[in-house]
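Okay, start.cif is below, mmCIF, C-alpha atoms and all ligand atoms:
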```cif
data_query
loop_
_atom_site.label_atom_id
_atom_site.label_comp_id
_atom_site.auth_asym_id
_atom_site.auth_seq_id
_atom_site.Cartn_x
_atom_site.Cartn_y
_atom_site.Cartn_z
CA MET A 543 -4.46 -109.01 -1.04
CA ARG A 544 -4.18 -107.22 2.32
CA VAL A 545 -0.53 -107.55 3.36
CA LEU A 546 1.06 -106.52 6.64
CA VAL A 547 4.76 -105.65 6.23
CA THR A 548 6.87 -105.55 9.39
CA GLY A 549 10.00 -103.42 9.01
CA GLY A 550 8.43 -101.86 5.92
CA ALA A 551 10.18 -98.52 6.43
CA GLY A 552 13.61 -100.16 6.16
CA PHE A 553 15.84 -100.75 3.14
CA ILE A 554 14.38 -103.97 1.73
CA GLY A 555 10.94 -103.37 3.25
CA SER A 556 10.42 -99.99 1.56
CA HIS A 557 11.35 -101.43 -1.84
CA THR A 558 8.98 -104.34 -1.30
CA VAL A 559 6.16 -102.00 -0.28
CA VAL A 560 6.59 -100.14 -3.59
CA GLU A 561 6.26 -103.38 -5.56
CA LEU A 562 3.25 -104.51 -3.47
CA LEU A 563 1.45 -101.20 -4.00
CA GLU A 564 2.25 -101.22 -7.70
CA ALA A 565 0.77 -104.74 -7.93
CA ASP A 566 -2.43 -103.35 -6.33
CA HIS A 567 -2.08 -104.97 -2.93
CA GLN A 568 -3.27 -103.15 0.19
CA VAL A 569 -0.38 -102.61 2.55
CA VAL A 570 -0.04 -101.80 6.23
CA VAL A 571 3.48 -101.20 7.51
CA VAL A 572 4.41 -101.97 11.12
CA ASP A 573 7.75 -100.47 12.09
CA ASN A 574 9.20 -99.05 15.32
CA LEU A 575 11.51 -96.79 13.23
CA SER A 576 14.54 -97.96 15.26
CA ASN A 577 16.61 -98.11 12.07
CA SER A 578 14.56 -96.18 9.55
CA SER A 579 12.75 -92.96 8.78
CA LEU A 580 9.16 -92.13 7.94
CA VAL A 581 10.56 -90.12 5.04
CA ALA A 582 11.12 -93.47 3.29
CA LEU A 583 7.37 -94.16 3.37
CA GLU A 584 6.58 -90.62 2.19
CA ARG A 585 8.88 -91.28 -0.76
CA VAL A 586 7.17 -94.65 -1.37
CA ALA A 587 3.87 -92.76 -1.57
CA GLY A 588 5.44 -90.33 -4.04
CA ILE A 589 6.61 -93.18 -6.28
CA CYS A 590 3.32 -95.11 -6.18
CA GLY A 591 0.80 -92.28 -6.02
CA ARG A 592 -0.68 -93.73 -2.84
CA ALA A 593 0.63 -94.35 0.65
CA PRO A 594 0.68 -97.57 2.64
CA ALA A 595 -1.09 -97.50 6.02
CA PHE A 596 1.43 -97.15 8.84
CA ALA A 597 1.52 -98.10 12.52
CA LYS A 598 4.50 -97.21 14.71
CA VAL A 599 4.46 -100.44 16.67
CA ASP A 600 7.21 -102.72 17.96
CA ILE A 601 6.77 -106.39 17.01
CA CYS A 602 7.47 -107.27 20.66
CA ASP A 603 4.35 -105.28 21.67
CA LYS A 604 1.55 -107.82 21.59
CA ALA A 605 -1.25 -105.38 22.42
CA GLY A 606 -0.06 -102.98 19.72
CA LEU A 607 0.09 -105.77 17.13
CA ARG A 608 -3.39 -107.00 18.10
CA GLN A 609 -4.78 -103.56 17.43
CA VAL A 610 -3.17 -103.42 13.98
CA PHE A 611 -4.48 -106.89 13.07
CA ALA A 612 -7.99 -106.03 14.27
CA GLU A 613 -8.04 -102.76 12.36
CA HIS A 614 -6.40 -103.82 9.08
CA ARG A 615 -7.34 -107.54 8.89
CA PRO A 616 -4.24 -108.62 6.91
CA GLU A 617 -4.36 -111.90 4.98
CA ALA A 618 -0.59 -112.37 4.88
CA VAL A 619 2.52 -111.02 6.59
CA VAL A 620 5.91 -110.19 5.10
CA HIS A 621 8.27 -110.04 8.05
CA PHE A 622 11.40 -107.88 7.68
CA ALA A 623 11.53 -106.29 11.16
CA GLY A 624 14.70 -107.15 13.00
CA LEU A 625 18.15 -105.96 14.01
CA LYS A 626 20.87 -106.85 11.50
CA ALA A 627 24.28 -105.50 12.52
CA VAL A 628 26.66 -108.41 13.06
CA GLY A 629 29.16 -106.49 15.23
CA GLU A 630 26.44 -105.01 17.43
CA SER A 631 24.92 -108.46 17.88
CA VAL A 632 28.19 -109.66 19.44
CA GLU A 633 28.13 -106.73 21.89
CA LYS A 634 24.40 -106.86 22.68
CA PRO A 635 23.28 -110.46 22.14
CA LEU A 636 20.24 -110.19 24.40
CA SER A 637 18.73 -107.32 22.45
CA TYR A 638 19.14 -109.40 19.26
CA TYR A 639 17.52 -112.47 20.82
CA GLN A 640 14.73 -110.35 22.29
CA ASN A 641 14.04 -108.24 19.22
CA ASN A 642 14.45 -110.86 16.51
CA ILE A 643 13.44 -114.17 18.13
CA ALA A 644 10.95 -113.07 20.81
CA GLY A 645 9.55 -110.45 18.39
CA THR A 646 8.93 -113.10 15.72
CA ALA A 647 7.31 -115.44 18.27
CA THR A 648 4.99 -112.62 19.38
CA LEU A 649 4.14 -111.79 15.77
CA CYS A 650 3.29 -115.44 15.02
CA GLU A 651 1.10 -115.67 18.14
CA VAL A 652 -0.89 -112.63 17.11
CA MET A 653 -1.13 -113.93 13.54
CA ALA A 654 -2.57 -117.24 14.79
CA GLU A 655 -5.03 -115.45 17.09
CA HIS A 656 -6.35 -113.60 14.06
CA GLY A 657 -6.40 -116.63 11.78
CA VAL A 658 -3.55 -115.30 9.60
CA ARG A 659 -1.19 -118.13 8.66
CA GLN A 660 0.68 -116.89 5.60
CA LEU A 661 4.16 -115.67 6.40
CA VAL A 662 7.17 -114.65 4.34
CA PHE A 663 10.30 -114.44 6.49
CA SER A 664 13.61 -112.62 5.83
CA SER A 665 16.38 -115.09 6.48
CA SER A 666 19.95 -114.70 5.31
CA ALA A 667 22.77 -116.54 3.58
CA THR A 668 24.53 -116.08 6.92
CA VAL A 669 22.78 -119.33 8.02
CA TYR A 670 25.23 -121.26 5.80
CA GLY A 671 28.22 -120.12 7.90
CA ASP A 672 31.41 -120.88 5.96
CA PRO A 673 30.04 -122.91 3.03
CA GLU A 674 31.76 -126.19 2.14
CA THR A 675 30.63 -126.19 -1.50
CA LEU A 676 29.65 -123.53 -4.02
CA PRO A 677 27.17 -122.56 -5.32
CA ILE A 678 25.18 -122.97 -2.10
CA ARG A 679 22.02 -125.08 -2.19
CA GLU A 680 19.30 -124.90 0.44
CA ASP A 681 20.19 -128.38 1.74
CA ALA A 682 23.76 -127.31 2.59
CA PRO A 683 24.80 -127.66 6.25
CA LEU A 684 23.65 -124.78 8.45
CA GLY A 685 25.62 -122.94 11.12
CA ALA A 686 26.13 -119.48 12.49
CA THR A 687 29.18 -117.67 13.77
CA ASN A 688 27.57 -114.74 15.59
CA PRO A 689 24.39 -113.89 17.54
CA TYR A 690 22.74 -112.19 14.53
CA GLY A 691 23.19 -115.33 12.45
CA ARG A 692 21.94 -117.48 15.32
CA THR A 693 18.73 -115.44 15.53
CA LYS A 694 18.06 -116.25 11.86
CA LEU A 695 18.81 -119.95 12.42
CA PHE A 696 16.60 -120.16 15.52
CA ILE A 697 13.73 -118.34 13.84
CA GLU A 698 13.96 -120.72 10.88
CA GLU A 699 13.76 -123.67 13.33
CA MET A 700 10.84 -122.05 15.15
CA LEU A 701 8.94 -121.61 11.89
CA ARG A 702 9.60 -125.23 10.89
CA ASP A 703 8.27 -126.36 14.30
CA LEU A 704 5.23 -124.14 13.88
CA HIS A 705 4.51 -125.70 10.52
CA VAL A 706 4.87 -129.24 11.91
CA ALA A 707 2.49 -128.39 14.78
CA ASP A 708 -0.06 -126.84 12.44
CA PRO A 709 0.40 -127.64 8.74
CA SER A 710 -2.22 -125.08 7.78
CA TRP A 711 0.55 -122.46 8.12
CA ARG A 712 1.97 -121.37 4.76
CA ILE A 713 5.54 -120.19 5.23
CA ALA A 714 8.25 -118.99 2.87
CA ILE A 715 11.73 -118.72 4.36
CA LEU A 716 13.78 -116.56 2.01
CA ARG A 717 17.56 -116.60 2.44
CA TYR A 718 18.89 -113.36 0.99
CA PHE A 719 22.41 -113.08 -0.37
CA ASN A 720 23.80 -109.50 -0.62
CA PRO A 721 21.10 -106.95 -1.47
CA ILE A 722 22.38 -103.65 -2.89
CA GLY A 723 21.24 -100.91 -5.28
CA ALA A 724 18.06 -98.87 -5.03
CA HIS A 725 14.77 -98.13 -6.74
CA SER A 726 15.34 -96.74 -10.26
CA SER A 727 13.63 -93.46 -9.28
CA GLY A 728 16.52 -92.66 -6.93
CA ARG A 729 13.92 -91.71 -4.29
CA ILE A 730 14.44 -94.61 -1.88
CA GLY A 731 17.57 -96.55 -1.02
CA GLU A 732 19.82 -97.84 1.72
CA ASP A 733 20.51 -95.35 4.52
CA PRO A 734 22.95 -96.94 6.98
CA GLN A 735 23.49 -95.25 10.34
CA GLY A 736 27.12 -94.29 11.09
CA ILE A 737 30.00 -95.87 9.22
CA PRO A 738 28.67 -98.53 6.83
CA SER A 739 29.97 -102.01 7.57
CA ASN A 740 28.88 -103.39 4.20
CA LEU A 741 30.81 -102.97 0.98
CA PHE A 742 28.34 -101.27 -1.35
CA PRO A 743 27.19 -98.36 0.85
CA PHE A 744 30.83 -97.79 1.80
CA ILE A 745 31.78 -97.50 -1.88
CA THR A 746 28.96 -95.04 -2.63
CA GLN A 747 29.95 -92.91 0.38
CA VAL A 748 33.58 -92.82 -0.83
CA ALA A 749 32.37 -91.80 -4.30
CA ILE A 750 30.24 -88.96 -2.89
CA GLY A 751 33.15 -87.75 -0.73
CA ARG A 752 31.84 -88.72 2.71
CA ARG A 753 34.74 -91.16 3.21
CA ASP A 754 38.38 -90.93 2.04
CA ARG A 755 38.93 -94.37 0.69
CA LEU A 756 37.67 -97.92 0.76
CA GLN A 757 39.56 -100.43 2.83
CA VAL A 758 39.60 -103.77 1.06
CA PHE A 759 39.60 -106.50 3.66
CA GLY A 760 42.26 -108.88 2.35
CA ASP A 761 43.59 -109.81 -1.11
CA ASP A 762 44.90 -113.24 -0.16
CA TYR A 763 41.69 -115.26 -0.37
CA PRO A 764 41.63 -118.28 -2.71
CA THR A 765 39.58 -116.33 -5.31
CA ALA A 766 40.51 -115.13 -8.82
CA ASP A 767 41.90 -111.76 -7.66
CA GLY A 768 42.35 -112.63 -3.97
CA THR A 769 39.47 -110.45 -2.70
CA GLY A 770 36.19 -111.73 -1.22
CA VAL A 771 33.45 -112.92 -3.58
CA ARG A 772 29.73 -112.36 -2.90
CA ASP A 773 26.40 -112.77 -4.66
CA TYR A 774 25.12 -109.18 -4.95
CA ILE A 775 21.43 -108.91 -5.78
CA HIS A 776 19.48 -105.82 -6.86
CA VAL A 777 17.08 -104.88 -4.06
CA VAL A 778 14.19 -104.55 -6.55
CA ASP A 779 14.77 -108.11 -7.83
CA LEU A 780 14.81 -109.18 -4.18
CA ALA A 781 11.59 -107.28 -3.46
CA LEU A 782 9.88 -108.98 -6.38
CA GLY A 783 10.84 -112.36 -4.90
CA HIS A 784 8.52 -111.55 -1.98
CA LEU A 785 5.57 -111.01 -4.31
CA LYS A 786 6.29 -114.35 -5.95
CA ALA A 787 6.49 -115.97 -2.51
CA LEU A 788 3.08 -114.51 -1.57
CA GLU A 789 1.60 -115.92 -4.80
CA ARG A 790 3.12 -119.30 -4.00
CA LEU A 791 1.64 -119.28 -0.47
CA ALA A 792 -1.77 -118.26 -1.77
CA ALA A 793 -1.69 -121.27 -4.12
CA GLY A 794 -1.41 -123.89 -1.38
CA PRO A 795 -0.12 -124.89 2.05
CA GLY A 796 3.45 -125.84 2.79
CA LEU A 797 6.77 -124.49 3.96
CA VAL A 798 9.29 -123.49 1.32
CA THR A 799 12.87 -122.40 1.87
CA CYS A 800 14.59 -120.59 -0.99
CA ASN A 801 17.82 -118.78 -1.68
CA LEU A 802 17.31 -115.33 -3.18
CA GLY A 803 20.51 -114.61 -5.06
CA THR A 804 21.64 -114.28 -8.66
CA GLY A 805 23.95 -117.30 -8.68
CA GLN A 806 26.83 -115.09 -9.83
CA GLY A 807 29.68 -114.09 -7.52
CA TYR A 808 31.71 -110.87 -7.89
CA SER A 809 34.89 -109.92 -6.06
CA VAL A 810 35.43 -106.67 -4.16
CA LEU A 811 37.68 -105.37 -6.93
CA GLU A 812 35.17 -106.32 -9.65
CA MET A 813 32.55 -104.37 -7.72
CA VAL A 814 34.85 -101.33 -7.48
CA LYS A 815 35.55 -101.48 -11.24
CA SER A 816 31.88 -101.80 -12.17
CA PHE A 817 30.94 -98.95 -9.86
CA GLU A 818 33.69 -96.67 -11.24
CA ARG A 819 32.66 -97.39 -14.83
CA VAL A 820 28.98 -96.73 -14.21
CA SER A 821 29.33 -93.67 -11.95
CA GLY A 822 32.32 -92.05 -13.63
CA ARG A 823 33.80 -91.54 -10.12
CA LYS A 824 37.09 -92.88 -8.78
CA VAL A 825 36.93 -95.08 -5.71
CA PRO A 826 40.37 -94.92 -4.07
CA TYR A 827 41.14 -98.01 -2.04
CA GLU A 828 43.85 -99.65 0.04
CA ILE A 829 44.28 -103.31 0.80
CA ILE A 830 44.31 -104.09 4.52
CA ALA A 831 44.07 -107.26 6.62
CA ARG A 832 41.13 -109.65 6.36
CA ARG A 833 38.06 -108.79 8.47
CA PRO A 834 37.75 -111.39 11.25
CA GLY A 835 34.90 -113.80 10.56
CA ASP A 836 34.77 -113.10 6.80
CA ILE A 837 34.56 -115.97 4.37
CA ALA A 838 36.31 -116.17 0.98
CA ALA A 839 33.33 -116.72 -1.28
CA CYS A 840 29.58 -117.08 -1.07
CA TYR A 841 27.07 -117.36 -3.91
CA ALA A 842 23.72 -119.02 -4.35
CA ASP A 843 22.32 -121.83 -6.38
CA PRO A 844 19.08 -119.97 -7.15
CA SER A 845 17.32 -122.86 -8.91
CA MET A 846 14.98 -123.67 -5.99
CA ALA A 847 13.46 -120.16 -6.12
CA GLN A 848 12.99 -120.56 -9.85
CA LYS A 849 11.26 -123.91 -9.39
CA GLU A 850 9.19 -123.11 -6.29
CA LEU A 851 8.41 -119.43 -6.83
CA GLY A 852 8.90 -118.94 -10.56
CA TRP A 853 11.38 -116.18 -9.70
CA THR A 854 14.70 -115.20 -11.25
CA THR A 855 16.78 -112.04 -11.12
CA ILE A 856 17.02 -109.81 -14.19
CA ARG A 857 19.10 -106.83 -13.06
CA SER A 858 22.87 -106.81 -13.74
CA LEU A 859 25.72 -105.66 -11.50
CA ASP A 860 25.97 -102.47 -13.60
CA GLU A 861 22.28 -101.75 -12.92
CA MET A 862 22.81 -102.31 -9.20
CA CYS A 863 25.69 -99.80 -9.30
CA ARG A 864 23.81 -97.29 -11.47
CA ASP A 865 20.67 -97.32 -9.30
CA GLY A 866 22.62 -97.32 -6.03
CA TRP A 867 24.68 -94.37 -7.26
CA ARG A 868 21.59 -92.43 -8.41
CA TRP A 869 20.19 -92.77 -4.88
CA GLN A 870 23.46 -91.74 -3.22
CA GLU A 871 24.06 -88.80 -5.58
CA GLY A 872 20.52 -87.45 -5.12
CA ASN A 873 20.56 -88.02 -1.34
CA PRO A 874 24.14 -87.49 -0.16
CA LYS A 875 23.06 -87.74 3.48
CA GLY A 876 20.34 -90.30 3.00
CA TYR A 877 16.91 -89.47 4.40
CA SER A 878 18.25 -86.99 6.95
CA GLU A 879 18.39 -84.34 4.22
CA THR A 880 14.74 -83.90 3.39
CA GLU A 881 13.28 -81.52 0.84
P1 LIG A 901 16.60 -102.35 7.89
O1 LIG A 901 17.24 -102.14 9.22
O2 LIG A 901 16.74 -101.28 6.87
O3 LIG A 901 15.05 -102.69 8.08
C1 LIG A 901 14.55 -103.32 9.23
C2 LIG A 901 13.37 -102.51 9.71
O4 LIG A 901 12.80 -103.14 10.86
C3 LIG A 901 13.74 -101.08 10.13
O5 LIG A 901 12.86 -100.17 9.52
C4 LIG A 901 13.58 -101.08 11.65
O6 LIG A 901 13.17 -99.82 12.13
C5 LIG A 901 12.52 -102.14 11.84
N1 LIG A 901 12.54 -102.83 13.13
C6 LIG A 901 13.60 -103.37 13.77
N2 LIG A 901 13.21 -103.94 14.93
C7 LIG A 901 11.87 -103.75 15.01
C8 LIG A 901 10.89 -104.11 15.96
N3 LIG A 901 11.21 -104.76 17.09
N4 LIG A 901 9.60 -103.77 15.74
C9 LIG A 901 9.24 -103.08 14.61
N5 LIG A 901 10.14 -102.72 13.68
C10 LIG A 901 11.44 -103.05 13.87
O7 LIG A 901 17.17 -103.74 7.32
P2 LIG A 901 17.01 -104.39 5.89
O8 LIG A 901 18.36 -104.40 5.25
O9 LIG A 901 15.87 -103.82 5.17
O10 LIG A 901 16.71 -105.89 6.32
C11 LIG A 901 15.39 -106.40 6.44
C12 LIG A 901 15.44 -107.84 6.94
O11 LIG A 901 16.22 -108.61 6.03
C13 LIG A 901 16.10 -108.01 8.29
O12 LIG A 901 15.39 -109.01 9.00
C14 LIG A 901 17.50 -108.47 7.96
O13 LIG A 901 18.04 -109.25 8.99
C15 LIG A 901 17.23 -109.30 6.72
N6 LIG A 901 18.41 -109.42 5.86
C16 LIG A 901 19.02 -108.28 5.41
C17 LIG A 901 20.15 -108.39 4.61
C18 LIG A 901 20.87 -107.17 4.12
O14 LIG A 901 22.02 -107.30 3.68
N7 LIG A 901 20.28 -105.98 4.14
C19 LIG A 901 20.63 -109.65 4.25
C20 LIG A 901 19.97 -110.78 4.72
C21 LIG A 901 18.85 -110.66 5.52
C1 LIG A 902 27.46 -109.13 5.55
C2 LIG A 902 27.11 -109.54 6.97
C3 LIG A 902 26.40 -110.89 6.93
C4 LIG A 902 25.17 -110.82 6.04
C5 LIG A 902 25.63 -110.39 4.65
C6 LIG A 902 24.45 -110.22 3.71
C7 LIG A 902 28.86 -108.49 8.32
C8 LIG A 902 30.11 -108.69 9.12
N1 LIG A 902 28.35 -109.60 7.73
O1 LIG A 902 28.46 -109.98 5.11
O2 LIG A 902 25.99 -111.26 8.22
O3 LIG A 902 24.57 -112.08 5.97
O4 LIG A 902 26.30 -109.12 4.73
O5 LIG A 902 23.79 -109.05 4.02
O6 LIG A 902 28.31 -107.40 8.27
N2 LIG A 902 34.45 -105.54 2.30
C9 LIG A 902 35.58 -104.76 2.17
N3 LIG A 902 35.58 -103.51 2.72
C10 LIG A 902 34.50 -103.00 3.39
C11 LIG A 902 33.35 -103.81 3.52
C12 LIG A 902 33.36 -105.08 2.98
O7 LIG A 902 36.57 -105.19 1.57
O8 LIG A 902 34.58 -101.87 3.88
C13 LIG A 902 34.42 -106.88 1.66
C14 LIG A 902 34.18 -108.03 2.62
O9 LIG A 902 35.38 -108.52 3.12
C15 LIG A 902 33.46 -109.03 1.71
C16 LIG A 902 32.69 -108.14 0.74
O10 LIG A 902 33.34 -106.88 0.77
O11 LIG A 902 34.39 -109.79 0.98
C17 LIG A 902 31.23 -107.96 1.10
O12 LIG A 902 31.14 -107.50 2.45
P1 LIG A 902 29.73 -107.12 3.12
O13 LIG A 902 29.03 -106.17 2.25
O14 LIG A 902 30.01 -106.72 4.52
O15 LIG A 902 28.89 -108.47 3.07
P2 LIG A 902 29.21 -109.91 3.73
O16 LIG A 902 30.63 -110.06 4.04
O17 LIG A 902 28.61 -110.93 2.82
#
```
In structure tokens, write the structure found in this file.
Amino acid sequence: MRVLVTGGAGFIGSHTVVELLEADHQVVVVDNLSNSSLVALERVAGICGRAPAFAKVDICDKAGLRQVFAEHRPEAVVHFAGLKAVGESVEKPLSYYQNNIAGTATLCEVMAEHGVRQLVFSSSATVYGDPETLPIREDAPLGATNPYGRTKLFIEEMLRDLHVADPSWRIAILRYFNPIGAHSSGRIGEDPQGIPSNLFPFITQVAIGRRDRLQVFGDDYPTADGTGVRDYIHVVDLALGHLKALERLAAGPGLVTCNLGTGQGYSVLEMVKSFERVSGRKVPYEIIARRPGDIAACYADPSMAQKELGWTTIRSLDEMCRDGWRWQEGNPKGYSETE
């Protein structure tokens, strides 16, 4: 299949492009490189033995998108492009609404103009806000506590409206839990700009010596050891979920909404222990106050994805740590240190 991947140079996008190429799909990546590097796509080509096509285009640029659609004639779109930093979204809400919501509306318009109506969209577990019950099912109440989360909620609503207006659209809304790890080659991985706000990249940067110690945000949550619990998912398992979603869309019309998580929650301290065991490195940490806006625990009921997409995760927490560490160790400064 000819697949257009927006945001394909980013963390999850680059891993998905690898799996698409390895499954013999033809791929064109559209990315404005606002949070990524072309080196990632060069590495993808190294892993797969062939490169995806690439267009440096912003998804808000309708003329640019039209040109890509005319030239590459995609049959389906996997849409990762978007801004994702929660703190920044509070400071710059308009750029989040513009980039994420208006960008997605523009993308959908251009898709419709070109008769492309198969779309896989990156949503997030953030749309569940502070969940009332665990594990979280897709029919749980929705809510968002920051502009980033609201962009995901609004886009989900927009896609549901689009599907009501024209049921020939085939849409998969995938709600990711906490993607971590890296491709087993160690050639591509997560490359956060500045100080990482997420747990796993912070841990790997402490282990490599870029940061002194981890700050654990609170040990007084109502969880087994008092630290926050999340559903960490290997980025390659997550990437494979997108291939399953494309197969599902090719099989028939409809709109499906699925959690992509493992169903298993781990605490911050369990993550530190697993990482130390696998990497052989110490991760010094100190307990500090809770991070405002954090929730105690969040993990998926992944049974809908199994039923609708025939997808389950197979990679363990130790594999996530091992692969994430291989990437960090081989690329201490991420993509900025090229060969
Ligand atoms: P990322 O920042 O690594 O990748 C996003 C890519 O989109 C980047 O390459 C960036 O340059 C590109 N991009 C941003 N705005 C663009 C625009 N206007 N036009 C063209 N390209 C643009 O992020 P990621 O972690 O790979 O996340 C991918 C998607 O998954 C995002 O939509 C994110 O919100 C969503 N998501 C991520 C997580 C996570 O923890 N990483 C969790 C849930 C959902
Ligand atoms: C983050 C995002 C959320 C997104 C989710 C999945 C923020 C504020 N929220 O939340 O919008 O949907 O990822 O991608 O970025 N922790 C520490 N020390 C750290 C970092 C984190 O103790 O330095 C703890 C947190 O309190 C939490 C756990 O580690 O309990 C995981 O944190 P993080 O990786 O930021 O993920 P989320 O909190 O799920």
Please find the residues contacting ligand LIG 902 (chain A) at a distance of at most 7 Å between atoms, with only C-alpha atoms and all ligand atoms counted, and report them as a ChimeraX atom specification.
/A:627-629,666-668,691,718-721,739-742,744,756-760,769-772,810,832-833,836,838
Please provide the set of residues having any atom within 9 Å of Asp603 in chain A, restricted to only C-alpha atoms, with same-chain residues fewer than 3 positions apart removed, written as a short mmCIF file (atom, residue, chain, number, x, y, z; two decimals) with C-alpha atoms, in the frame of the given file.
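Below you can see result-v9.cif, which holds the result:
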```
data_model
loop_
_atom_site.label_atom_id
_atom_site.label_comp_id
_atom_site.auth_asym_id
_atom_site.auth_seq_id
_atom_site.Cartn_x
_atom_site.Cartn_y
_atom_site.Cartn_z
CA VAL A 599 4.46 -100.44 16.67
CA ASP A 600 7.21 -102.72 17.96
CA GLY A 606 -0.06 -102.98 19.72
CA LEU A 607 0.09 -105.77 17.13
CA ARG A 608 -3.39 -107.00 18.10
CA GLY A 645 9.55 -110.45 18.39
CA THR A 648 4.99 -112.62 19.38
CA LEU A 649 4.14 -111.79 15.77
#
```
Kindly list the centre and edge lengths in Å, rounded to one decimal, for the axis-aligned box that covers all listed atoms of ligand LIG 901 (chain A) plus 8 Å on each of its six sides, as JSON.
```
{"center_x": 15.6, "center_y": -105.3, "center_z": 10.4, "size_x": 28.8, "size_y": 27.0, "size_z": 29.4}
```
Lys598 in chain A: which residues within 6 Å, counting all atoms listed in the file, same-chain residues fewer than 4 positions away excluded, as a list of chain:residue names?
A:Val572, A:Asp573, A:Asn574
For Cys863 in chain A, which residue out of A:Gly555, A:Pro635, A:Gly822, A:Pro738 is the nearest one, using all atoms listed in the file?
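Comparing A:Gly555, A:Pro635, A:Gly822, A:Pro738 against Cys863 in chain A, the winner is A:Gly822.
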Measuring between all atoms listed in the file, which one of A:Ser556, A:Thr687, A:Gln609, A:Thr646 shows the shortest distance to Leu704 in chain A?
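So, comparing all the options, the nearest one is A:Thr646.
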Is it possible to get the residues within 12 Å of (-5.3, -105.7, 11.2) (coordinates as in the file, counting all atoms listed in the file) written as a ChimeraX atom specification?
/A:544-547,568-572,595-597,605-619,652-653,655-658
Between CA of Thr765 in chain A and CA of Tyr808 in chain A, measure the distance and give it in Å to one decimal.
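So the two atoms, CA of Thr765 in chain A and CA of Tyr808 in chain A, lie 9.9 Å apart.
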For Gly624 in chain A, work out the shell of residues within 9 Å, counting only C-alpha atoms and skipping chain neighbours fewer than 5 positions away, then give it as an mmCIF file with C-alpha atoms, in the coordinates of the input.
```
data_model
loop_
_atom_site.group_PDB
_atom_site.id
_atom_site.type_symbol
_atom_site.label_atom_id
_atom_site.label_comp_id
_atom_site.auth_asym_id
_atom_site.auth_seq_id
_atom_site.Cartn_x
_atom_site.Cartn_y
_atom_site.Cartn_z
ATOM 1 C CA THR A 548 6.870 -105.550 9.390
ATOM 2 C CA GLY A 549 10.000 -103.420 9.010
ATOM 3 C CA ILE A 601 6.770 -106.390 17.010
ATOM 4 C CA TYR A 638 19.140 -109.400 19.260
ATOM 5 C CA ASN A 641 14.040 -108.240 19.220
ATOM 6 C CA ASN A 642 14.450 -110.860 16.510
ATOM 7 C CA ILE A 643 13.440 -114.170 18.130
ATOM 8 C CA GLY A 645 9.550 -110.450 18.390
ATOM 9 C CA THR A 646 8.930 -113.100 15.720
#
```
Determine, counting only C-alpha atoms, which protein, DNA and RNA residues have an atom within 10 Å of an atom of Lys875 in chain A; residues of the same chain fewer than 2 positions away are not included. Present the result as a PyMOL selection string.
chain A and resi 733-734+747+750+752+870-873+877-880
For range 558-567 of chain A, please output as a VMD selection string all residues within 12 Å (counting only C-alpha atoms; exclusion window: fewer than 6 positions along the same chain).
chain A and resid 543 to 552 582 to 596 616 to 622 662 664 724 to 727 729 to 731 776 to 789
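Nearest to ligand LIG 901 (chain A) of all the residues A:Arg679, A:Arg753, A:Lys815, A:Arg717 is A:Arg717, counting all atoms listed in the file.
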Would you work out the distance separating CA of Ser710 in chain A from CA of Pro795 in chain A, expressed in Å to one decimal?
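Separating CA of Ser710 in chain A from CA of Pro795 in chain A is a distance of 6.1 Å.
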Nearest residue to Gly807 in chain A out of A:Glu828, A:Arg864, A:Leu676, A:Arg823, using only C-alpha atoms?
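Nearest to Gly807 in chain A: A:Leu676.
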Nearest to Ser576 in chain A by atom-to-atom distance, counting all atoms listed in the file, from A:Arg857, A:Arg755, A:Lys626, A:Lys634:
A:Lys626
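Distance check against ligand LIG 901 (chain A) using all atoms listed in the file: of A:Glu850, A:Glu633, A:Glu861, A:Asp773, the minimum falls on A:Asp773.
Going from CA of Trp867 in chain A over to CA of Met813 in chain A, you cover 12.7 Å.
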Using only C-alpha atoms, list the residues that have an atom at most 6 Å from (40.7, -108.1, -8.5), coordinates as in the file, as a PyMOL selection string.
chain A and resi 767+811-812
Atoms added to range 839-843 of chain A (N, CA, C and O atoms), reported as a short mmCIF file (atom, residue, chain, number, x, y, z; two decimals), in the coordinates of the input:
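That gives us result_1.cif:
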```cif
data_model
loop_
_atom_site.label_atom_id
_atom_site.label_comp_id
_atom_site.auth_asym_id
_atom_site.auth_seq_id
_atom_site.Cartn_x
_atom_site.Cartn_y
_atom_site.Cartn_z
N ALA A 839 34.29 -116.83 -0.18
CA ALA A 839 33.33 -116.72 -1.28
C ALA A 839 31.99 -117.28 -0.87
O ALA A 839 31.91 -118.22 -0.06
N CYS A 840 30.94 -116.69 -1.42
CA CYS A 840 29.58 -117.08 -1.07
C CYS A 840 28.67 -116.70 -2.23
O CYS A 840 28.57 -115.52 -2.55
N TYR A 841 28.09 -117.68 -2.91
CA TYR A 841 27.07 -117.36 -3.91
C TYR A 841 26.07 -118.50 -4.01
O TYR A 841 26.36 -119.66 -3.70
N ALA A 842 24.87 -118.12 -4.43
CA ALA A 842 23.72 -119.02 -4.35
C ALA A 842 23.60 -119.94 -5.55
O ALA A 842 23.99 -119.59 -6.66
N ASP A 843 22.99 -121.10 -5.30
CA ASP A 843 22.32 -121.83 -6.38
C ASP A 843 20.87 -121.34 -6.31
O ASP A 843 20.15 -121.69 -5.36
#
```
